[in-house]
$ cat target-v7.cif   # mmCIF, C-alpha atoms and all ligand atoms
data_my_file
#
loop_
_atom_site.label_atom_id
_atom_site.label_comp_id
_atom_site.auth_asym_id
_atom_site.auth_seq_id
_atom_site.Cartn_x
_atom_site.Cartn_y
_atom_site.Cartn_z
CA MET M 1369 115.38 108.09 92.82
CA SER M 1370 116.12 107.70 96.50
CA ASP M 1371 116.22 104.22 97.96
CA ARG M 1372 112.66 104.71 99.18
CA LEU M 1373 109.63 103.39 97.34
CA ARG M 1374 106.58 105.58 96.96
CA ILE M 1375 103.06 104.18 97.18
CA ALA M 1376 99.82 106.03 96.35
CA ILE M 1377 96.87 104.89 98.44
CA THR M 1378 93.23 105.69 97.72
CA LYS M 1379 91.82 107.97 100.40
CA GLY M 1380 88.55 106.93 102.03
CA ARG M 1381 87.31 103.38 102.42
CA LEU M 1382 90.51 101.64 101.30
CA LEU M 1383 92.89 103.67 103.46
CA GLU M 1384 92.07 102.19 106.87
CA GLN M 1385 92.35 98.64 105.60
CA SER M 1386 95.60 99.43 103.81
CA ILE M 1387 96.98 100.81 107.08
CA GLN M 1388 95.85 97.68 108.95
CA LEU M 1389 97.62 95.49 106.38
CA PHE M 1390 100.82 97.51 106.61
CA GLU M 1391 100.75 97.53 110.42
CA ALA M 1392 100.24 93.76 110.48
CA ALA M 1393 103.35 93.56 108.28
CA GLY M 1394 105.28 95.55 110.91
CA LEU M 1395 105.25 99.00 109.28
CA ASP M 1396 104.86 101.97 111.62
CA CYS M 1397 101.89 103.83 110.10
CA GLY M 1398 101.60 106.45 112.85
CA PRO M 1399 102.11 109.39 110.46
CA VAL M 1400 99.45 108.05 108.05
CA ARG M 1401 96.98 107.43 110.87
CA ASP M 1402 97.16 111.05 111.88
CA PRO M 1403 97.66 112.78 108.52
CA GLY M 1404 96.07 116.19 109.12
CA ARG M 1405 95.96 117.92 105.74
CA ARG M 1406 99.35 116.56 104.75
CA LEU M 1407 99.29 114.26 101.69
CA VAL M 1408 102.75 112.64 101.75
CA HIS M 1409 104.03 110.66 104.74
CA SER M 1410 107.16 108.67 105.44
CA ILE M 1411 107.01 105.30 107.13
CA PRO M 1412 109.71 105.65 109.83
CA ASN M 1413 110.78 101.99 110.01
CA TYR M 1414 110.55 100.94 106.34
CA PRO M 1415 111.79 102.66 103.15
CA LEU M 1416 108.34 103.65 101.95
CA ASP M 1417 106.62 106.99 101.45
CA VAL M 1418 102.82 107.06 101.37
CA VAL M 1419 100.91 109.42 99.09
CA LEU M 1420 97.19 109.92 99.77
CA ALA M 1421 95.21 110.42 96.57
CA LYS M 1422 91.82 110.06 94.90
CA ALA M 1423 91.26 106.69 93.26
CA PRO M 1424 91.70 107.65 89.58
CA ASP M 1425 94.75 109.73 90.49
CA VAL M 1426 96.39 106.69 92.11
CA ILE M 1427 96.43 105.11 88.65
CA THR M 1428 97.69 108.31 87.02
CA TYR M 1429 100.60 108.64 89.47
CA VAL M 1430 101.58 104.99 89.10
CA GLU M 1431 101.30 105.05 85.29
CA HIS M 1432 103.54 108.12 85.12
CA GLY M 1433 106.06 106.51 87.46
CA VAL M 1434 105.99 109.25 90.11
CA CYS M 1435 104.67 106.55 92.44
CA ASP M 1436 106.12 103.05 92.19
CA LEU M 1437 103.09 101.36 93.72
CA GLY M 1438 99.42 102.02 94.27
CA ILE M 1439 96.41 100.67 96.11
CA VAL M 1440 93.18 101.19 94.19
CA GLY M 1441 89.83 99.49 93.73
CA GLN M 1442 89.29 97.20 90.78
CA ASP M 1443 86.20 99.34 90.03
CA THR M 1444 88.46 102.29 89.22
CA ILE M 1445 90.79 100.05 87.22
CA LEU M 1446 87.85 98.73 85.17
CA GLU M 1447 86.64 102.27 84.54
CA LYS M 1448 89.93 104.03 83.83
CA GLY M 1449 92.15 101.26 82.51
CA GLY M 1450 95.87 102.02 82.24
CA THR M 1451 99.25 100.42 81.81
CA PHE M 1452 100.71 98.92 84.98
CA PHE M 1453 101.09 95.56 86.70
CA SER M 1454 98.25 94.49 88.98
CA VAL M 1455 100.20 92.21 91.30
CA LEU M 1456 97.99 91.42 94.27
CA ASP M 1457 94.30 91.13 95.05
CA LEU M 1458 94.24 92.58 98.57
CA GLY M 1459 90.80 91.12 99.27
CA PHE M 1460 89.48 94.08 101.19
CA GLY M 1461 87.19 96.71 99.68
CA ALA M 1462 85.16 93.83 98.29
CA CYS M 1463 81.98 94.89 96.56
CA ARG M 1464 80.23 94.37 93.26
CA PHE M 1465 79.14 96.39 90.29
CA ALA M 1466 75.38 96.09 90.07
CA LEU M 1467 72.67 97.22 87.71
CA ALA M 1468 69.87 98.56 89.91
CA ILE M 1469 66.39 99.85 89.21
CA GLN M 1470 63.52 101.34 91.16
CA GLU M 1471 61.55 98.69 92.98
CA GLY M 1472 58.56 97.65 90.88
CA SER M 1473 59.92 98.92 87.57
CA ASP M 1474 60.51 96.50 84.71
CA PHE M 1475 63.87 97.25 83.12
CA TYR M 1476 63.91 94.50 80.53
CA GLY M 1477 60.14 94.62 79.95
CA SER M 1478 60.10 97.19 77.16
CA TYR M 1479 62.16 97.84 74.05
CA LYS M 1480 62.24 101.57 74.74
CA SER M 1481 65.79 102.95 74.71
CA LYS M 1482 67.17 103.09 78.24
CA ARG M 1483 69.07 105.79 80.05
CA ILE M 1484 71.61 104.65 82.65
CA ALA M 1485 73.28 106.85 85.26
CA SER M 1486 76.67 105.91 86.65
CA LYS M 1487 79.88 107.19 88.17
CA TYR M 1488 81.47 104.58 85.88
CA PRO M 1489 80.36 105.50 82.31
CA GLU M 1490 83.07 103.56 80.49
CA PHE M 1491 82.42 100.38 82.43
CA THR M 1492 78.66 100.86 81.96
CA ARG M 1493 78.98 101.33 78.18
CA ALA M 1494 81.13 98.20 77.91
CA PHE M 1495 78.69 96.21 80.06
CA PHE M 1496 75.73 97.05 77.83
CA ALA M 1497 77.74 96.78 74.61
CA ALA M 1498 78.57 93.19 75.60
CA LYS M 1499 74.84 92.56 75.84
CA GLY M 1500 74.26 94.17 72.43
CA MET M 1501 72.10 96.86 74.08
CA ASP M 1502 72.31 100.45 72.90
CA VAL M 1503 71.84 102.65 75.98
CA ASP M 1504 72.31 106.31 76.78
CA VAL M 1505 74.83 106.63 79.64
CA ILE M 1506 74.89 109.73 81.84
CA LYS M 1507 77.90 110.41 84.06
CA ILE M 1508 77.00 111.30 87.66
CA GLU M 1509 79.70 112.31 90.15
CA GLY M 1510 78.22 110.79 93.33
CA SER M 1511 75.04 109.68 95.08
CA VAL M 1512 73.99 108.19 91.77
CA GLU M 1513 70.94 106.63 93.46
CA LEU M 1514 69.31 110.05 93.02
CA ALA M 1515 69.15 109.73 89.22
CA PRO M 1516 66.26 107.24 89.01
CA ILE M 1517 64.49 108.85 91.98
CA LEU M 1518 64.53 112.22 90.20
CA GLY M 1519 63.49 110.67 86.90
CA LEU M 1520 66.80 111.26 85.12
CA ALA M 1521 67.56 107.59 84.47
CA ASP M 1522 65.84 104.21 84.14
CA ALA M 1523 68.61 102.46 86.07
CA ILE M 1524 72.03 102.90 87.62
CA VAL M 1525 75.26 100.94 87.47
CA ASP M 1526 77.13 101.41 90.72
CA ILE M 1527 79.21 99.65 93.32
CA VAL M 1528 77.21 97.89 96.02
CA GLU M 1529 78.83 96.85 99.27
CA THR M 1530 76.16 96.20 101.91
CA GLY M 1531 73.18 97.14 99.71
CA ALA M 1532 71.99 99.61 102.37
CA THR M 1533 72.15 102.67 100.10
CA LEU M 1534 70.10 100.99 97.37
CA LYS M 1535 67.54 99.82 99.90
CA ALA M 1536 67.23 103.17 101.62
CA ASN M 1537 66.48 104.76 98.26
CA GLY M 1538 63.92 102.25 97.01
CA LEU M 1539 66.23 100.61 94.49
CA VAL M 1540 66.84 96.91 93.89
CA PRO M 1541 69.79 95.21 92.22
CA VAL M 1542 68.81 93.21 89.15
CA GLU M 1543 72.17 92.04 87.89
CA THR M 1544 75.79 91.79 89.04
CA ALA M 1545 78.17 93.11 86.42
CA ALA M 1546 81.48 92.32 88.19
CA GLN M 1547 82.97 91.54 91.59
CA VAL M 1548 85.65 94.00 92.64
CA SER M 1549 88.19 94.48 95.45
CA ALA M 1550 91.33 96.48 96.18
CA ARG M 1551 94.44 95.78 94.10
CA LEU M 1552 98.13 96.47 94.57
CA ILE M 1553 99.45 97.92 91.31
CA VAL M 1554 103.05 98.56 90.25
CA ASN M 1555 104.62 100.89 87.68
CA ILE M 1556 106.15 98.86 84.85
CA ALA M 1557 109.60 100.49 84.92
CA SER M 1558 109.76 100.46 88.73
CA MET M 1559 109.11 96.73 88.68
CA LYS M 1560 112.39 96.26 86.80
CA LEU M 1561 114.45 99.03 88.37
CA TYR M 1562 113.56 98.36 92.01
CA LYS M 1563 112.73 94.69 91.73
CA ASN M 1564 114.26 93.65 95.05
CA GLN M 1565 112.58 96.37 97.10
CA ILE M 1566 109.24 95.82 95.41
CA ASP M 1567 109.48 92.05 95.78
CA ASP M 1568 110.24 92.49 99.48
CA PHE M 1569 107.16 94.69 99.88
CA ILE M 1570 104.90 92.31 97.94
CA VAL M 1571 106.15 89.33 99.98
CA LYS M 1572 105.39 91.21 103.22
CA CYS M 1573 101.86 92.04 102.07
CA ARG M 1574 101.18 88.57 100.68
CA ALA M 1575 102.33 86.93 103.94
CA GLN M 1576 99.77 89.00 105.86
CA LEU M 1577 97.01 88.18 103.39
CA THR M 1578 97.80 84.46 103.68
CA GLU M 1579 97.77 84.70 107.48
CA ARG M 1580 94.49 86.65 107.43
CA ASP M 1581 92.93 84.03 105.12
CA SER M 1582 94.12 81.13 107.26
CA ARG M 1583 92.72 82.81 110.39
CA SER M 1584 89.34 83.24 108.66
CA GLY M 1585 89.45 79.65 107.44
CA GLY M 1586 89.65 80.66 103.75
CA MET M 1587 92.43 80.38 101.20
C1 LIG F 1601 79.26 104.13 97.26
C2 LIG F 1601 78.37 103.68 96.13
C3 LIG F 1601 77.03 103.59 96.78
C4 LIG F 1601 77.39 103.12 98.17
C5 LIG F 1601 77.21 101.64 98.29
O1 LIG F 1601 79.14 105.51 97.41
O2 LIG F 1601 78.42 104.60 95.04
O3 LIG F 1601 76.38 104.83 96.80
O4 LIG F 1601 78.76 103.44 98.40
O5 LIG F 1601 77.48 101.17 99.58
P1 LIG F 1601 76.47 100.23 100.36
O6 LIG F 1601 76.05 99.13 99.40
O7 LIG F 1601 77.26 99.69 101.52
O8 LIG F 1601 75.30 101.06 100.80
P2 LIG F 1601 80.10 106.37 98.32
O9 LIG F 1601 79.80 106.13 99.76
O10 LIG F 1601 81.50 106.10 97.92
O11 LIG F 1601 79.65 107.84 98.01
P3 LIG F 1601 79.24 108.60 96.66
O12 LIG F 1601 78.00 107.96 96.12
O13 LIG F 1601 78.99 110.00 97.06
O14 LIG F 1601 80.39 108.46 95.70
#

$ encode --input "target-v7.cif" --output "C-alpha cells"
Amino acid sequence: MSDRLRIAITKGRLLEQSIQLFEAAGLDCGPVRDPGRRLVHSIPNYPLDVVLAKAPDVITYVEHGVCDLGIVGQDTILEKGGTFFSVLDLGFGACRFALAIQEGSDFYGSYKSKRIASKYPEFTRAFFAAKGMDVDVIKIEGSVELAPILGLADAIVDIVETGATLKANGLVPVETAAQVSARLIVNIASMKLYKNQIDDFIVKCRAQLTERDSRSGGM
C-alpha cells in the first residue's frame, strides 16, 4: 500500500459530523465538502483518502481491507455484524432502536402472532428472540413507518432520532431496543501493519472528542 490510509465514511447524516470532527483535528476537508459525484477524495494536508459509501458497504470495505478505517453507525454494525475492531465511539449520530406501534393499538395485549417491519431484520429477529417471542419479520428498504399505516405490519423496529417521523405518522415508541451512535472501525490487518499511522489518527480524533465533551460539560 501507499503511505496513505484510506477511510470509508457513511454518506448522509454521519458525513457532515465526520467532516466537522476531522476539520477540528486540523484536516483540510475541502475536497470532501464539495464532492460532486466523485466518491474518493484525498485530504491535502494529511495522509488520508476518504471514500464515500453506503453504511453497510463501509463495513464490507473495511472487512476486506480495501479501506483501513471506517465511520459507520452502530445500528448498521448491529444489523450486519462483521470482523473488525470498533475503536472509538464518536458520539455523534446518536439515536436509538425503538419498537413503535400505531397510537392506540395494544401490541402486547393479544397472543396473536405479530408481524414486524424493519430496515434491520437481523437485529429485529434477535431482539424478539431474546424475549422468547416468535414474530414474522418483513424487510422494508426505507420509510418503514408506512408498513403499519398500510396494514402490512403490527409494529416497526427502527432508529429514532428526534421522534418527529414517528409522530408525524401516528406512531408511538413502546420500547427502546438499543442506543446507537457512530463508531470508528479499523481493519484487523491494517491495525497491525499501519499501527503508527492509525494510532496517530485515533489520537487526533480522540483529542477532539475529549475537547468537545469538556466544552459541553460532559465526559
Ligand atoms: C430514519 C429512520 C426514521 C427517521 C427517524 O430514516 O428510519 O424514518 O430517520 O428520524 P427522526 O426520529 O429524527 O424523525 P431516514 O431519514 O434515514 O430515511 P429512510 O426511512 O428513507 O431510510

$ closest_atom_pairs --input "target-v7.cif" --of "chain M" --to "ligand LIG 1601 (chain F)" --cutoff "7 Å" --atoms "only C-alpha atoms and all ligand atoms" --output "Markdown table"
| residue | atom | partner | partner_atom | distance |
| --- | --- | --- | --- | --- |
| M:Glu1509 | CA | F:LIG1601 | O14 | 6.8 |
| M:Gly1510 | CA | F:LIG1601 | O13 | 3.9 |
| M:Ser1511 | CA | F:LIG1601 | O12 | 3.6 |
| M:Val1512 | CA | F:LIG1601 | O12 | 5.9 |
| M:Glu1513 | CA | F:LIG1601 | O3 | 6.6 |
| M:Asp1526 | CA | F:LIG1601 | O2 | 5.5 |
| M:Ile1527 | CA | F:LIG1601 | C2 | 5.0 |
| M:Val1528 | CA | F:LIG1601 | O6 | 3.8 |
| M:Glu1529 | CA | F:LIG1601 | O6 | 3.6 |
| M:Thr1530 | CA | F:LIG1601 | O7 | 3.7 |
| M:Gly1531 | CA | F:LIG1601 | O6 | 3.5 |
| M:Ala1532 | CA | F:LIG1601 | O8 | 3.9 |
| M:Thr1533 | CA | F:LIG1601 | O8 | 3.6 |
| M:Leu1534 | CA | F:LIG1601 | O8 | 6.2 |

$ closest_atom_pairs --input "target-v7.cif" --of "segment 1393-1486 of chain M" --to "segment 1564-1578 of chain M" --cutoff "9 Å" --atoms "all atoms listed in the file" --output "JSON lines"
{"residue": "M:Ala1393", "atom": "CA", "partner": "M:Lys1572", "partner_atom": "CA", "distance": 5.9}
{"residue": "M:Gly1394", "atom": "CA", "partner": "M:Lys1572", "partner_atom": "CA", "distance": 8.8}
{"residue": "M:Pro1415", "atom": "CA", "partner": "M:Gln1565", "partner_atom": "CA", "distance": 8.8}
{"residue": "M:Asp1436", "atom": "CA", "partner": "M:Ile1566", "partner_atom": "CA", "distance": 8.5}
{"residue": "M:Leu1437", "atom": "CA", "partner": "M:Ile1566", "partner_atom": "CA", "distance": 8.4}
{"residue": "M:Val1455", "atom": "CA", "partner": "M:Ile1570", "partner_atom": "CA", "distance": 8.1}
{"residue": "M:Leu1456", "atom": "CA", "partner": "M:Arg1574", "partner_atom": "CA", "distance": 7.7}
{"residue": "M:Leu1458", "atom": "CA", "partner": "M:Leu1577", "partner_atom": "CA", "distance": 7.1}
{"residue": "M:Gly1459", "atom": "CA", "partner": "M:Leu1577", "partner_atom": "CA", "distance": 8.0}

$ atom_distance --input "target-v7.cif" --atom1 "atom CA of Ala1515 of chain M" --atom2 "atom CA of Leu1539 of chain M"
10.9 Å

$ atom_distance --input "target-v7.cif" --atom1 "atom CA of Ile1469 of chain M" --atom2 "atom CA of Ile1445 of chain M"
24.5 Å

$ residues_around --input "target-v7.cif" --residues "Ile1411 of chain M" --least-positions-apart "6" --cutoff "12 Å" --atoms "only C-alpha atoms" --output "MDAnalysis selection string"
chainID M and resid 1372:1375 1387 1390:1391 1394:1401 1417:1419

$ closest_residue --input "target-v7.cif" --among "M:Ile1524, M:Leu1383, M:Ile1508, M:Leu1514" --to "Phe1465 of chain M" --atoms "all atoms listed in the file"
M:Ile1524

$ atom_distance --input "target-v7.cif" --atom1 "atom CA of Val1426 of chain M" --atom2 "atom CA of Ser1486 of chain M"
20.5 Å

$ axis_aligned_box --input "target-v7.cif" --around "segment 1490-1501 of chain M" --padding-each-side "5 Å" --output "lines of an AutoDock Vina configuration file"
center_x = 77.6
center_y = 98.1
center_z = 77.4
size_x = 21.0
size_y = 21.0
size_z = 20.0

$ closest_residue --input "target-v7.cif" --among "M:Ile1553, M:Ile1439, M:Ala1376, M:Ala1462" --to "Ala1421 of chain M" --atoms "all atoms listed in the file"
M:Ala1376

$ closest_residue --input "target-v7.cif" --among "M:Ser1584, M:Gln1547, M:Gln1470, M:Ser1454" --to "Gly1519 of chain M" --atoms "all atoms listed in the file"
M:Gln1470

$ closest_residue --input "target-v7.cif" --among "M:Arg1583, M:Ala1497, M:Leu1518, M:Phe1460" --to "Asn1537 of chain M" --atoms "all atoms listed in the file"
M:Leu1518

$ closest_residue --input "target-v7.cif" --among "M:Leu1407, M:Cys1435, M:Ala1423, M:Cys1463" --to "Ser1549 of chain M" --atoms "all atoms listed in the file"
M:Cys1463

$ residues_around --input "target-v7.cif" --residues "Asp1502 of chain M" --least-positions-apart "4" --cutoff "12 Å" --atoms "all atoms listed in the file" --output "PyMOL selection string"
chain M and resi 1479-1484+1492-1498

$ residues_around --input "target-v7.cif" --residues "segment 1450-1452 of chain M" --least-positions-apart "3" --cutoff "12 Å" --atoms "all atoms listed in the file" --output "list in words"
Pro1424, Asp1425, Val1426, Ile1427, Thr1428, Tyr1429, Val1430, Glu1431, His1432, Gly1433, Cys1435, Asp1436, Leu1437, Gly1438, Gln1442, Thr1444, Ile1445, Leu1446, Glu1447, Val1455, Arg1551, Leu1552, Ile1553, Val1554, Asn1555, Ile1556, Ala1557, Ser1558 and Met1559 of chain M

$ residues_around --input "target-v7.cif" --residues "Glu1471 of chain M" --least-positions-apart "4" --cutoff "9 Å" --atoms "only C-alpha atoms" --output "JSON, numbers by chain"
{"M": [1538, 1539, 1540, 1541]}

$ decode --input "target-v7.cif" --residues "segment 1417-1458 of chain M" --atoms "C-alpha atoms" --output "short mmCIF file (atom, residue, chain, number, x, y, z; two decimals), in the first residue's frame"
data_model
loop_
_atom_site.label_atom_id
_atom_site.label_comp_id
_atom_site.auth_asym_id
_atom_site.auth_seq_id
_atom_site.Cartn_x
_atom_site.Cartn_y
_atom_site.Cartn_z
CA ASP M 1417 -8.00 9.29 1.44
CA VAL M 1418 -11.74 9.47 2.05
CA VAL M 1419 -14.16 7.05 0.39
CA LEU M 1420 -17.87 7.93 0.46
CA ALA M 1421 -20.05 4.83 0.76
CA LYS M 1422 -23.40 3.47 1.93
CA ALA M 1423 -23.41 2.30 5.54
CA PRO M 1424 -23.32 -1.49 5.02
CA ASP M 1425 -20.66 -1.06 2.33
CA VAL M 1426 -18.42 0.80 4.79
CA ILE M 1427 -18.26 -2.42 6.80
CA THR M 1428 -17.69 -4.53 3.67
CA TYR M 1429 -14.77 -2.35 2.51
CA VAL M 1430 -13.16 -2.33 5.94
CA GLU M 1431 -13.62 -6.09 6.45
CA HIS M 1432 -11.99 -6.80 3.09
CA GLY M 1433 -9.11 -4.46 3.90
CA VAL M 1434 -9.56 -2.17 0.89
CA CYS M 1435 -10.25 0.56 3.43
CA ASP M 1436 -8.20 0.65 6.62
CA LEU M 1437 -10.79 2.59 8.60
CA GLY M 1438 -14.49 3.31 8.53
CA ILE M 1439 -17.12 5.51 10.12
CA VAL M 1440 -20.47 3.78 10.44
CA GLY M 1441 -23.47 3.77 12.75
CA GLN M 1442 -23.72 1.17 15.46
CA ASP M 1443 -27.18 0.38 14.03
CA THR M 1444 -25.54 -0.95 10.86
CA ILE M 1445 -22.94 -2.82 12.91
CA LEU M 1446 -25.67 -4.47 14.99
CA GLU M 1447 -27.54 -5.46 11.83
CA LYS M 1448 -24.67 -6.61 9.64
CA GLY M 1449 -22.04 -7.73 12.13
CA GLY M 1450 -18.54 -8.34 10.77
CA THR M 1451 -14.95 -8.82 11.79
CA PHE M 1452 -13.09 -5.59 12.58
CA PHE M 1453 -12.03 -3.50 15.55
CA SER M 1454 -14.51 -0.91 16.79
CA VAL M 1455 -12.07 1.54 18.35
CA LEU M 1456 -13.96 4.73 19.11
CA ASP M 1457 -17.49 5.80 19.94
CA LEU M 1458 -17.66 9.10 18.05
#
